[in-house]
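Quick look at structure_39.txt (compact mmCIF, C-alpha atoms and all ligand atoms):
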# COMPACT_ATOMS: atom_id res chain seq x y z
CA MET A 23 70.65 -1.39 -150.16
CA THR A 24 71.03 -3.14 -146.84
CA THR A 25 68.09 -4.76 -145.15
CA VAL A 26 68.15 -4.45 -141.39
CA ILE A 27 66.47 -7.28 -139.52
CA PRO A 28 65.11 -6.18 -136.15
CA SER A 29 66.90 -8.12 -133.43
CA LEU A 30 63.60 -9.30 -132.00
CA GLN A 31 63.03 -11.36 -135.14
CA LEU A 32 66.34 -13.19 -134.95
CA PRO A 33 66.27 -16.75 -133.66
CA THR A 34 67.38 -17.03 -130.08
CA GLU A 35 69.65 -19.68 -128.65
CA PRO A 36 67.79 -22.33 -126.64
CA GLU A 37 68.06 -21.51 -122.98
CA ILE A 38 70.47 -23.65 -121.00
CA THR A 39 69.01 -24.74 -117.71
CA CYS A 40 69.28 -27.86 -115.60
CA SER A 41 65.51 -28.32 -115.90
CA THR A 42 65.86 -29.01 -119.63
CA CYS A 43 68.94 -31.17 -119.22
CA ALA A 44 69.35 -34.92 -118.84
CA ALA A 45 71.74 -34.30 -115.94
CA CYS A 46 74.64 -34.58 -118.38
CA CYS A 47 77.23 -33.51 -115.82
CA CYS A 48 76.16 -36.31 -113.48
CA GLN A 49 77.99 -38.77 -115.74
CA LEU A 50 81.35 -37.19 -114.97
CA GLU A 51 83.73 -38.60 -112.41
CA VAL A 52 83.21 -36.70 -109.17
CA MET A 53 86.04 -36.81 -106.67
CA LEU A 54 85.18 -36.29 -103.02
CA ILE A 55 87.69 -33.70 -101.87
CA THR A 56 85.78 -32.52 -98.82
CA ASP A 57 83.29 -34.22 -96.50
CA THR A 58 79.81 -32.97 -97.31
CA GLY A 59 78.02 -35.95 -95.81
CA VAL A 60 77.60 -38.12 -98.92
CA PRO A 61 76.11 -41.46 -97.75
CA GLU A 62 78.59 -44.36 -97.84
CA ARG A 63 76.46 -46.34 -100.29
CA PHE A 64 77.11 -43.72 -102.96
CA ILE A 65 80.88 -43.67 -102.50
CA ASP A 66 83.34 -45.67 -104.63
CA THR A 67 87.14 -45.86 -104.67
CA ASP A 68 89.09 -45.01 -107.82
CA ASP A 69 92.22 -46.78 -109.10
CA TRP A 70 94.42 -44.52 -106.99
CA GLY A 71 92.53 -45.04 -103.74
CA GLY A 72 90.66 -41.76 -103.83
CA GLU A 73 86.97 -41.47 -102.99
CA VAL A 74 84.63 -40.76 -105.89
CA MET A 75 80.89 -40.83 -106.42
CA LEU A 76 79.74 -44.32 -107.38
CA ARG A 77 78.44 -44.58 -110.94
CA LEU A 78 76.09 -47.32 -112.08
CA ASP A 79 76.26 -49.34 -115.31
CA ASP A 80 74.28 -46.70 -117.20
CA GLY A 81 77.08 -44.22 -116.51
CA TRP A 82 75.15 -41.87 -114.26
CA CYS A 83 75.93 -41.16 -110.63
CA ALA A 84 74.33 -43.58 -108.17
CA ALA A 85 72.76 -40.66 -106.32
CA LEU A 86 70.80 -39.50 -109.37
CA ASP A 87 67.08 -40.31 -109.40
CA ARG A 88 66.56 -41.96 -112.80
CA ASP A 89 62.92 -40.92 -113.01
CA THR A 90 63.28 -37.23 -112.24
CA MET A 91 66.99 -36.90 -113.21
CA MET A 92 67.42 -34.94 -110.00
CA CYS A 93 70.09 -35.34 -107.35
CA THR A 94 68.73 -37.28 -104.37
CA ILE A 95 71.39 -35.90 -102.02
CA TYR A 96 71.29 -32.29 -103.16
CA ASP A 97 71.92 -30.82 -99.70
CA ARG A 98 74.84 -33.22 -99.20
CA ARG A 99 76.21 -33.24 -102.77
CA PRO A 100 79.99 -33.06 -103.21
CA LEU A 101 81.84 -29.78 -103.52
CA ILE A 102 82.62 -30.45 -107.18
CA CYS A 103 78.91 -30.72 -107.95
CA ARG A 104 78.27 -27.47 -106.14
CA GLU A 105 80.90 -25.67 -108.17
CA PHE A 106 79.84 -27.02 -111.58
CA GLU A 107 78.26 -23.94 -113.10
CA MET A 108 75.15 -24.11 -115.23
CA GLY A 109 75.82 -22.53 -118.62
CA ALA A 110 79.61 -22.55 -118.20
CA PRO A 111 81.77 -23.98 -121.03
CA GLU A 112 82.05 -27.32 -119.20
CA CYS A 113 78.28 -27.53 -118.90
CA ILE A 114 77.74 -26.74 -122.59
CA ALA A 115 80.37 -29.32 -123.58
CA GLU A 116 78.65 -32.00 -121.53
CA ARG A 117 75.27 -31.18 -123.04
CA GLU A 118 76.71 -31.38 -126.55
CA GLY A 119 78.38 -34.67 -125.75
CA ILE A 120 75.09 -36.27 -124.90
CA ALA A 121 72.96 -34.63 -127.62
CA THR A 122 71.14 -37.88 -128.34
CA ALA A 123 69.41 -37.52 -124.97
CA TYR A 124 67.34 -34.71 -126.48
CA LEU A 125 66.11 -36.59 -129.59
S1 LIG B 201 74.89 -27.97 -114.95
FE1 LIG B 201 74.69 -28.11 -117.17
S2 LIG B 201 75.20 -30.23 -117.71
FE2 LIG B 201 74.72 -30.14 -115.48
S3 LIG B 201 72.52 -30.63 -115.29
FE3 LIG B 201 72.72 -28.40 -115.39
S4 LIG B 201 72.50 -27.86 -117.56
FE4 LIG B 201 72.95 -30.07 -117.42
S1 LIG B 202 75.99 -36.14 -106.32
FE1 LIG B 202 74.14 -35.34 -107.24
S2 LIG B 202 74.81 -33.52 -108.40
FE2 LIG B 202 76.63 -34.78 -107.96
S3 LIG B 202 76.93 -36.10 -109.75
FE3 LIG B 202 75.70 -37.23 -108.24
S4 LIG B 202 73.56 -36.84 -108.79
FE4 LIG B 202 74.83 -35.29 -109.81
Give the structure from this file in structure tokens form.
Amino acid sequence: MTTVIPSLQLPTEPEITCSTCAACCCQLEVMLITDTGVPERFIDTDDWGGEVMLRLDDGWCAALDRDTMMCTIYDRRPLICREFEMGAPECIAEREGIATAYL
């Protein structure tokens, strides 16, 4: 005999949202491919002369508020940040790569 477990009793996957995330994607290298008005003090130059978001010694983007883990230049954030999709495979991979942030 087969026992059917009602779907409502099955464990659900934890919801993936930026509000429960340690801004994992803000440790990635972010190239500036369009001008969105990022302040100069947050801009660095990579080994090939391209403009990237400056990252500090802790690995996170210089524009990230370390207390709130929110972007301080949200309205002027780079195009790549705008296109990074919450819940997409890249997002999930970044969250898994920094799992210790949730311990
Ligand atoms: S997009 Fe994904 S990795 Fe980036 S802050 Fe949101 S949940 Fe975290
Ligand atoms: S500009 Fe903002 S959204 Fe983009 S990596 Fe830096 S802190 Fe994150």
Selected residue, from A:Ile38, A:Val60, A:Ile114, A:Ile120, that lies nearest to ligand LIG 202 (chain B) when counting all atoms listed in the file: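 Of A:Ile38, A:Val60, A:Ile114, A:Ile120, the one nearest ligand LIG 202 (chain B), counting all atoms listed in the file, is A:Val60.
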For CA of Pro61 (chain A) and CA of Gly109 (chain A), the interatomic separation in Å (one decimal):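 CA of Gly109 (chain A) lies at a distance of 28.2 Å from CA of Pro61 (chain A).
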Show me, as a list of chain:residue names, the residues that have an atom within 10 Å of Cys48 (chain A) when counting all atoms listed in the file, minus same-chain residues fewer than 2 positions from it.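 The neighbour list is A:Ala44, A:Ala45, A:Cys46, A:Leu50, A:Glu51, A:Val52, A:Met75, A:Arg77, A:Gly81, A:Trp82, A:Cys83, A:Ala84, A:Ala85, A:Leu86, A:Met91, A:Met92, A:Cys93, A:Cys103, A:Glu116.
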Atom-to-atom span, CA of Arg63 (chain A) and CA of Ala115 (chain A), Å: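 So the two atoms, CA of Arg63 (chain A) and CA of Ala115 (chain A), lie 29.1 Å apart.
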If you measure from CA of Asp80 (chain A) to CA of Arg117 (chain A), what distance in Å do you get, rounded to one decimal?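 Separating CA of Asp80 (chain A) from CA of Arg117 (chain A) is a distance of 16.6 Å.
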Nearest residue to Asp79 (chain A) from the set A:Gln49, A:Gly119, A:Arg104, A:Ala110 (distances using all atoms listed in the file):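 Of all the options, A:Gln49 lies closest to Asp79 (chain A).
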Rank nothing, just name the residue among A:Met108, A:Cys113, A:Ile95, A:Val74 nearest to ligand LIG 202 (chain B), using all atoms listed in the file.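 Nearest candidate to ligand LIG 202 (chain B) out of A:Met108, A:Cys113, A:Ile95, A:Val74: A:Ile95.
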For ligand LIG 201 (chain B), which residue out of A:Met53, A:Ile102, A:Ile65, A:Leu76 is the nearest one, using only C-alpha atoms and all ligand atoms?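 Among the listed residues, the smallest separation from ligand LIG 201 (chain B) belongs to A:Ile102.
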Coordinates of box centre and edge lengths for ligand LIG 202 (chain B), 4 Å on every side, axis-aligned, as JSON:
{"center_x": 75.2, "center_y": -35.4, "center_z": -108.1, "size_x": 11.4, "size_y": 11.7, "size_z": 11.5}
Within 9 Å of (83.2, -33.0, -99.8), in the coordinates the file gives, what residues turn up when you count all atoms listed in the file, written out as a list in words?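 Within the cut-off we find Met53, Leu54, Ile55, Thr56, Asp57, Thr58, Gly59, Val60, Arg98, Arg99, Pro100, Leu101 and Ile102 of chain A.
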